[in-house]
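> Quick one: this structure, given as structure tokens, is what I'll be asking you about.
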Amino acid sequence: MSAALAEPPVKREDPAAPYEKHREPHAWLKYALPVVVAAVFLVVWDTLVRVSASEVFPRPLDVARGIGELIQKGLLLKYIVASLFRVTWGFGLAVLVGVPFGLFLGWFNRAYEAFNPMMQILRPISPIAWIPVAILWFGITDIAPIFLIFLASVFPIAVSATAAVQNMQPVYLRAAQNFGLSRTELFRRVILPSCLPQIITGIRIALGIAWLVVVAAEMIAVNSGLGYLIIDARNAGKRYDLVVAGMIMIGLIGLVLDLLVRRLETFDEVRWGYANRR
Amino acid sequence: MNPAPVITIRDLWMSFPGKQAGEEIHVLERINLEVTRGEFVCIVGPSGCGKSTLLNIIGGFLQQTRGEALVEGQSVSGPDPRRIFVFQENGVFPWLTVTENIGFGLSQKTSGERAATVMHYIEMVGLTGFEKSYPRELSGGMRQRVEIARALAANPDIIYMDEPFGALDFITRIKMRSDLTRIWQAEKKTVLFVTHDIEEAVQLSDRILIMSRRPATIQEDVRIDLPRPRDLDSSGYLERRDHVFHAMGMSLRVGESAA
């Protein structure tokens with residue numbers, strides 16, 4: 001082994017491995033610090049509400065009770081399911097359409113030149129601006145928010161897939177051509193795997209946006225879901241404990257969704273595409 | 001040895017469009033060369049002289065401006081699985097393991113045959129124990145070994161190598177050269193090897209083609225008829241090395257005084 005001459009022949013599992021030891025004595029801090037920050041946040045929140053003597057804004061304990069009330073009435077689970085249902089459909093369709101369309105634009109430069117200007121005009125239009133149009137076309141149905149989520153997430157997915165193909169290392173293509181791959185093999189065995197890391201990053205960004213948009217859409221276009229919970233709690237009796245309870249649930253579920261997508265980035269087939277990220 | 005050449009280049013010219021319209025950059029001029037079956041031929045020349053361009057034309061990745069490039073008697077029309085290219089920038093696929101990379105060109109074979117071939121070449125290039133590793137877990141030299149094994153596993157007639165050891169450190173390069181010589185002696189492939197490293201060329205090849213500066217042509221054809229493994233202290237080796245050094249150094253001075 002050539003490496004044996006210069007360095008001990010260890011298998012290099014992780015380039016950062018030799019430095020790992022230095023962190024070990026303080027490993028507990030990694031878990032303790034976030035807890036401390038959250039605790040301080042809750043104390044400050046509680047203190048501010050008490051000092052201001054607000055009669056409307058809830059204290060942390062009120063919110064916890066609010067969450068308990070929602071669970072008891074069976075509303076919490078129902079609304080979470082409703083929101084996730086819409087995101088699943090809108091986001092799922094966006095992946096199914098955005099990935100192939102983005103790869104297509106990345107591969108055929110003529111198509112890219114034709115479609116890109118139109119996409120760049122549609123892309124900066126906030127999905128919120130589409131709400132009136134969505135209601136006009138689909139009424140107060142599930143289709144309206146699904147449509148909005150689709151619109152919001154399809155562009156980042158397509159754009160990342162296009163960029164992935166365009167930034168592909170030419171040496172991979174030439175090596176593949178050298179082995180005489182057919183067009184479909186070239187796509188399946190080289191183009192798709194080489195683009196996957198960047199596509200996954202696009203998917204992760206898009207899922208974050210989709211979760212933002214479903215809440216906004218539900219405030220206006222439907223009468224269920226976590227967005228509806230927030231606007232309904234405010235309108236029907238200024239129940240701000242439920243408003244904040246809804247907000248916290250949205251944050252927690254958003255976190256879980258992001259953690260799920262992040263798991264995709266740890267597979268061996270794509271890990272090469274993320275520079276030294278743990 | 002078969003007297004009919006495997007590679008024949010006749011009066012080959014190459015130019016690229018320049019920055020201004022109508023302007024042309026002449027890279028290769030009047031290139032003529034022949035490579036015999038089983039030969040190890042190195043092309044050396046100053047950096048930027050167009051030796052990689054020449055190899056890319058022969059490999060089918062570039063189209064010459066005029067002239068003929070014949071491989072096995074047929075005009076080159078594109079890359080061909082019977083002739084595998086080993087790239088300077090390392091063309092090993094990072095999403096595949098060592099085993100999957102080496103078996104990449106073997107999808108026609110049954111899985112049993114494929115596994116046996118892959119095993120054979122993993123052993124030959126000294127990567128036993130790293131079968132399931134991904135390229136990101138390997139050193140630069142080991143990645144280049146994977147690419148060489150992948151080329152050999154496809155059982156090509158010819159292997160083109162474009163400065164394959166260019167990015168490696170000094171010690172690794174020396175080790176790679178002796179391993180490549182051993183592998184070449186076992187496999188009897190025709191090898192066309194581009195490098196700017198004169199010592200590397202003299203250590204590896206049967207014959208060295210020295211290219212001039214741009215627009216490049218083949219300035220000299222030097223036979224290295226030394227037994228292998230080569231003794232880098234022998235007078236025969238040093239003589240030939242100095243000869244090539246001299247040939248390239250002289251041409252640099254002539255080029256400078258002419259310009």
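Please note that chains go A, B, ... in the order of the structure tokens, that every chain numbers its residues from 1, and that ligands are numbered from 1 in the order shown.
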Met119 (chain B): which residues within 12 Å, counting only C-alpha atoms, same-chain residues fewer than 2 positions away excluded, as a list in words?

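Close residues of Met119 (chain B): Val98, Thr99, Glu100, Ile102, Gly103, Gly112, Glu113, Arg114, Ala115, Ala116, Thr117, Tyr121, Ile122, Glu123, Met124, Val125, Gly126, Leu127, Thr128, Gly129, Phe130, Glu131, Lys132, Val146, Ala149, Arg150 and Ala153 of chain B.
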
> Could you pull out the helix (DSSP H, G or I) residues of region 91-223 of chain B from DSSP and send them as a ChimeraX atom specification?

/B:98-102,104-106,111-124,135-137,140-153,170-187,198-204

> Region 15-107 of chain B: which residues are strand (DSSP E or B) by DSSP, as a JSON list (two decimals) with N, CA and C atoms, in the first residue's frame?


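result_30.json was written with the following content:
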```json
[["chain", "number", "residue", "atom", "x", "y", "z"],
["B", 15, "SER", "N", -6.97, 22.78, -34.13],
["B", 15, "SER", "CA", -7.02, 24.16, -33.68],
["B", 15, "SER", "C", -8.35, 24.42, -32.99],
["B", 16, "PHE", "N", -8.32, 25.34, -32.03],
["B", 16, "PHE", "CA", -9.54, 25.72, -31.30],
["B", 16, "PHE", "C", -9.90, 27.14, -31.68],
["B", 17, "PRO", "N", -11.19, 27.48, -31.65],
["B", 17, "PRO", "CA", -11.55, 28.88, -31.89],
["B", 17, "PRO", "C", -11.01, 29.77, -30.78],
["B", 24, "GLU", "N", -7.98, 31.72, -34.60],
["B", 24, "GLU", "CA", -7.83, 30.30, -34.33],
["B", 24, "GLU", "C", -6.54, 30.06, -33.56],
["B", 25, "ILE", "N", -6.63, 29.17, -32.56],
["B", 25, "ILE", "CA", -5.41, 28.82, -31.82],
["B", 25, "ILE", "C", -4.95, 27.45, -32.32],
["B", 26, "HIS", "N", -3.79, 27.42, -32.91],
["B", 26, "HIS", "CA", -3.26, 26.15, -33.42],
["B", 26, "HIS", "C", -2.58, 25.41, -32.28],
["B", 27, "VAL", "N", -3.07, 24.22, -32.01],
["B", 27, "VAL", "CA", -2.52, 23.45, -30.90],
["B", 27, "VAL", "C", -1.62, 22.34, -31.41],
["B", 28, "LEU", "N", -2.10, 21.61, -32.38],
["B", 28, "LEU", "CA", -1.32, 20.48, -32.92],
["B", 28, "LEU", "C", -1.10, 20.68, -34.40],
["B", 29, "GLU", "N", 0.11, 20.35, -34.85],
["B", 29, "GLU", "CA", 0.46, 20.55, -36.24],
["B", 29, "GLU", "C", 1.16, 19.32, -36.77],
["B", 30, "ARG", "N", 0.65, 18.77, -37.85],
["B", 30, "ARG", "CA", 1.39, 17.73, -38.58],
["B", 30, "ARG", "C", 1.85, 16.61, -37.64],
["B", 31, "ILE", "N", 0.93, 16.07, -36.86],
["B", 31, "ILE", "CA", 1.31, 14.98, -35.95],
["B", 31, "ILE", "C", 1.29, 13.65, -36.70],
["B", 32, "ASN", "N", 2.37, 12.91, -36.61],
["B", 32, "ASN", "CA", 2.45, 11.57, -37.17],
["B", 32, "ASN", "C", 2.99, 10.65, -36.09],
["B", 33, "LEU", "N", 2.30, 9.55, -35.86],
["B", 33, "LEU", "CA", 2.86, 8.58, -34.92],
["B", 33, "LEU", "C", 2.22, 7.21, -35.12],
["B", 34, "GLU", "N", 2.93, 6.22, -34.62],
["B", 34, "GLU", "CA", 2.41, 4.85, -34.69],
["B", 34, "GLU", "C", 2.70, 4.16, -33.36],
["B", 35, "VAL", "N", 1.75, 3.35, -32.93],
["B", 35, "VAL", "CA", 1.97, 2.56, -31.71],
["B", 35, "VAL", "C", 1.69, 1.10, -32.05],
["B", 36, "THR", "N", 2.61, 0.25, -31.66],
["B", 36, "THR", "CA", 2.49, -1.18, -31.95],
["B", 36, "THR", "C", 1.75, -1.89, -30.81],
["B", 40, "PHE", "N", 4.29, 0.12, -24.61],
["B", 40, "PHE", "CA", 4.01, 1.16, -23.61],
["B", 40, "PHE", "C", 4.67, 2.43, -24.12],
["B", 41, "VAL", "N", 3.87, 3.37, -24.58],
["B", 41, "VAL", "CA", 4.41, 4.58, -25.18],
["B", 41, "VAL", "C", 4.03, 5.79, -24.34],
["B", 42, "CYS", "N", 5.02, 6.62, -24.02],
["B", 42, "CYS", "CA", 4.76, 7.85, -23.29],
["B", 42, "CYS", "C", 4.85, 9.05, -24.24],
["B", 43, "ILE", "N", 3.95, 9.99, -24.05],
["B", 43, "ILE", "CA", 4.05, 11.25, -24.76],
["B", 43, "ILE", "C", 4.45, 12.30, -23.73],
["B", 44, "VAL", "N", 5.60, 12.93, -23.91],
["B", 44, "VAL", "CA", 6.01, 13.99, -22.99],
["B", 44, "VAL", "C", 6.10, 15.31, -23.75],
["B", 66, "ARG", "N", -8.08, 18.47, -38.87],
["B", 66, "ARG", "CA", -7.89, 17.62, -40.05],
["B", 66, "ARG", "C", -6.83, 16.57, -39.80],
["B", 67, "GLY", "N", -6.74, 15.64, -40.75],
["B", 67, "GLY", "CA", -5.81, 14.54, -40.58],
["B", 67, "GLY", "C", -6.54, 13.29, -40.13],
["B", 68, "GLU", "N", -5.78, 12.21, -39.95],
["B", 68, "GLU", "CA", -6.39, 10.92, -39.67],
["B", 68, "GLU", "C", -5.95, 10.39, -38.31],
["B", 69, "ALA", "N", -6.91, 9.84, -37.58],
["B", 69, "ALA", "CA", -6.60, 9.12, -36.35],
["B", 69, "ALA", "C", -7.21, 7.73, -36.49],
["B", 70, "LEU", "N", -6.35, 6.73, -36.66],
["B", 70, "LEU", "CA", -6.83, 5.37, -36.87],
["B", 70, "LEU", "C", -6.47, 4.51, -35.67],
["B", 71, "VAL", "N", -7.46, 3.77, -35.15],
["B", 71, "VAL", "CA", -7.18, 2.78, -34.12],
["B", 71, "VAL", "C", -7.72, 1.45, -34.63],
["B", 74, "GLN", "N", -9.35, 1.58, -37.99],
["B", 74, "GLN", "CA", -10.59, 2.32, -38.21],
["B", 74, "GLN", "C", -10.49, 3.72, -37.66],
["B", 75, "SER", "N", -11.09, 4.64, -38.41],
["B", 75, "SER", "CA", -11.09, 6.03, -37.99],
["B", 75, "SER", "C", -11.83, 6.17, -36.65],
["B", 80, "ASP", "N", -14.82, 4.32, -26.97],
["B", 80, "ASP", "CA", -15.12, 2.93, -27.27],
["B", 80, "ASP", "C", -14.73, 2.08, -26.06],
["B", 83, "ARG", "N", -11.31, 0.56, -25.56],
["B", 83, "ARG", "CA", -10.16, 1.41, -25.24],
["B", 83, "ARG", "C", -10.56, 2.31, -24.09],
["B", 84, "ILE", "N", -9.98, 2.07, -22.92],
["B", 84, "ILE", "CA", -10.44, 2.79, -21.73],
["B", 84, "ILE", "C", -9.45, 3.89, -21.35],
["B", 85, "PHE", "N", -10.04, 5.00, -20.98],
["B", 85, "PHE", "CA", -9.30, 6.22, -20.64],
["B", 85, "PHE", "C", -9.18, 6.32, -19.12],
["B", 86, "VAL", "N", -8.00, 6.61, -18.63],
["B", 86, "VAL", "CA", -7.82, 6.89, -17.20],
["B", 86, "VAL", "C", -7.54, 8.38, -17.07]]
```

> At a cut-off of 10 Å, list the chain B residues touching chain A, using only C-alpha atoms, as a ChimeraX atom specification.

/B:59-61,78-97,104-107,125-130,133-142,147,151,154,171-176,179

> Here is a test: counting only C-alpha atoms, which residue of B:Asp11, B:Glu39, B:Glu200, B:Glu163 is nearest to Asp225 (chain B)?

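Result for the nearest residue to Asp225 (chain B): B:Glu39.
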
> Restricting the calculation to only C-alpha atoms, which member of B:His246, B:Lys51, B:Arg240, B:Arg230 is positioned closest to Pro215 (chain B)?

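Closest candidate: B:Lys51.
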
> Excluding region 151-158 of chain A and its own-chain neighbours fewer than 5 positions away, which residues fall within 6 Å of it when counting only C-alpha atoms? Please give them as a list in words.

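Contacts, with the query itself left out: Ala94, Gly98, Val99, Gly102, Pro127, Gly202, Ile203, Ala206 and Ala210 of chain A.
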
> Please measure the separation of CA of Ala134 (chain A) and CA of Met119 (chain A), giving the value in Å to one decimal.

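Taking CA of Ala134 (chain A) and CA of Met119 (chain A), their separation equals 18.9 Å.
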
> So that I can see what lies close to region 78-83 of chain A, please list as a PDB file with N, CA and C atoms, in the first residue's frame the residues with an atom at most 9 Å from it, counting only C-alpha atoms and leaving out residues fewer than 6 positions away in the same chain.


```
ATOM      1  N   TRP A 211     -44.095  23.645   4.440  1.00  0.00           N
ATOM      2  CA  TRP A 211     -44.673  23.678   5.794  1.00  0.00           C
ATOM      3  C   TRP A 211     -45.050  25.109   6.183  1.00  0.00           C
ATOM      4  N   VAL A 214     -48.428  25.823   4.062  1.00  0.00           N
ATOM      5  CA  VAL A 214     -49.675  25.150   4.431  1.00  0.00           C
ATOM      6  C   VAL A 214     -50.369  25.934   5.553  1.00  0.00           C
ATOM      7  N   VAL A 215     -49.597  26.462   6.484  1.00  0.00           N
ATOM      8  CA  VAL A 215     -50.196  27.215   7.588  1.00  0.00           C
ATOM      9  C   VAL A 215     -50.870  28.483   7.054  1.00  0.00           C
ATOM     10  N   GLU A 218     -54.042  27.595   5.129  1.00  0.00           N
ATOM     11  CA  GLU A 218     -55.147  27.128   5.972  1.00  0.00           C
ATOM     12  C   GLU A 218     -55.818  28.272   6.734  1.00  0.00           C
ATOM     13  N   SER A 224     -59.920  23.675   8.429  1.00  0.00           N
ATOM     14  CA  SER A 224     -59.276  22.694   9.305  1.00  0.00           C
ATOM     15  C   SER A 224     -57.774  22.870   9.183  1.00  0.00           C
ATOM     16  N   GLY A 225     -57.031  22.167  10.051  1.00  0.00           N
ATOM     17  CA  GLY A 225     -55.563  22.263   9.992  1.00  0.00           C
ATOM     18  C   GLY A 225     -55.028  23.234  11.019  1.00  0.00           C
ATOM     19  N   LEU A 226     -53.702  23.216  11.200  1.00  0.00           N
ATOM     20  CA  LEU A 226     -53.068  24.018  12.238  1.00  0.00           C
ATOM     21  C   LEU A 226     -53.178  25.517  11.952  1.00  0.00           C
ATOM     22  N   GLY A 227     -53.150  25.898  10.693  1.00  0.00           N
ATOM     23  CA  GLY A 227     -53.311  27.307  10.333  1.00  0.00           C
ATOM     24  C   GLY A 227     -54.706  27.791  10.697  1.00  0.00           C
ATOM     25  N   TYR A 228     -55.671  26.948  10.397  1.00  0.00           N
ATOM     26  CA  TYR A 228     -57.063  27.278  10.732  1.00  0.00           C
ATOM     27  C   TYR A 228     -57.242  27.364  12.245  1.00  0.00           C
ATOM     28  N   LEU A 229     -56.584  26.472  12.973  1.00  0.00           N
ATOM     29  CA  LEU A 229     -56.644  26.471  14.443  1.00  0.00           C
ATOM     30  C   LEU A 229     -56.236  27.847  14.992  1.00  0.00           C
ATOM     31  N   MET A 249     -46.860  23.832  18.036  1.00  0.00           N
ATOM     32  CA  MET A 249     -47.008  22.558  17.328  1.00  0.00           C
ATOM     33  C   MET A 249     -46.427  22.656  15.916  1.00  0.00           C
ATOM     34  N   ILE A 250     -46.656  23.801  15.264  1.00  0.00           N
ATOM     35  CA  ILE A 250     -46.120  23.999  13.911  1.00  0.00           C
ATOM     36  C   ILE A 250     -44.590  23.926  13.931  1.00  0.00           C
ATOM     37  N   ILE A 253     -43.423  20.229  14.613  1.00  0.00           N
ATOM     38  CA  ILE A 253     -43.596  19.332  13.458  1.00  0.00           C
ATOM     39  C   ILE A 253     -42.626  19.706  12.340  1.00  0.00           C
TER      40      ILE A 253
END
```

> Using only C-alpha atoms, find the one residue out of B:Arg214, B:Ser234, B:Asp242, B:Ala21 that sits nearest to Thr53 (chain B).

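For Thr53 (chain B), the nearest of the given residues is B:Arg214.
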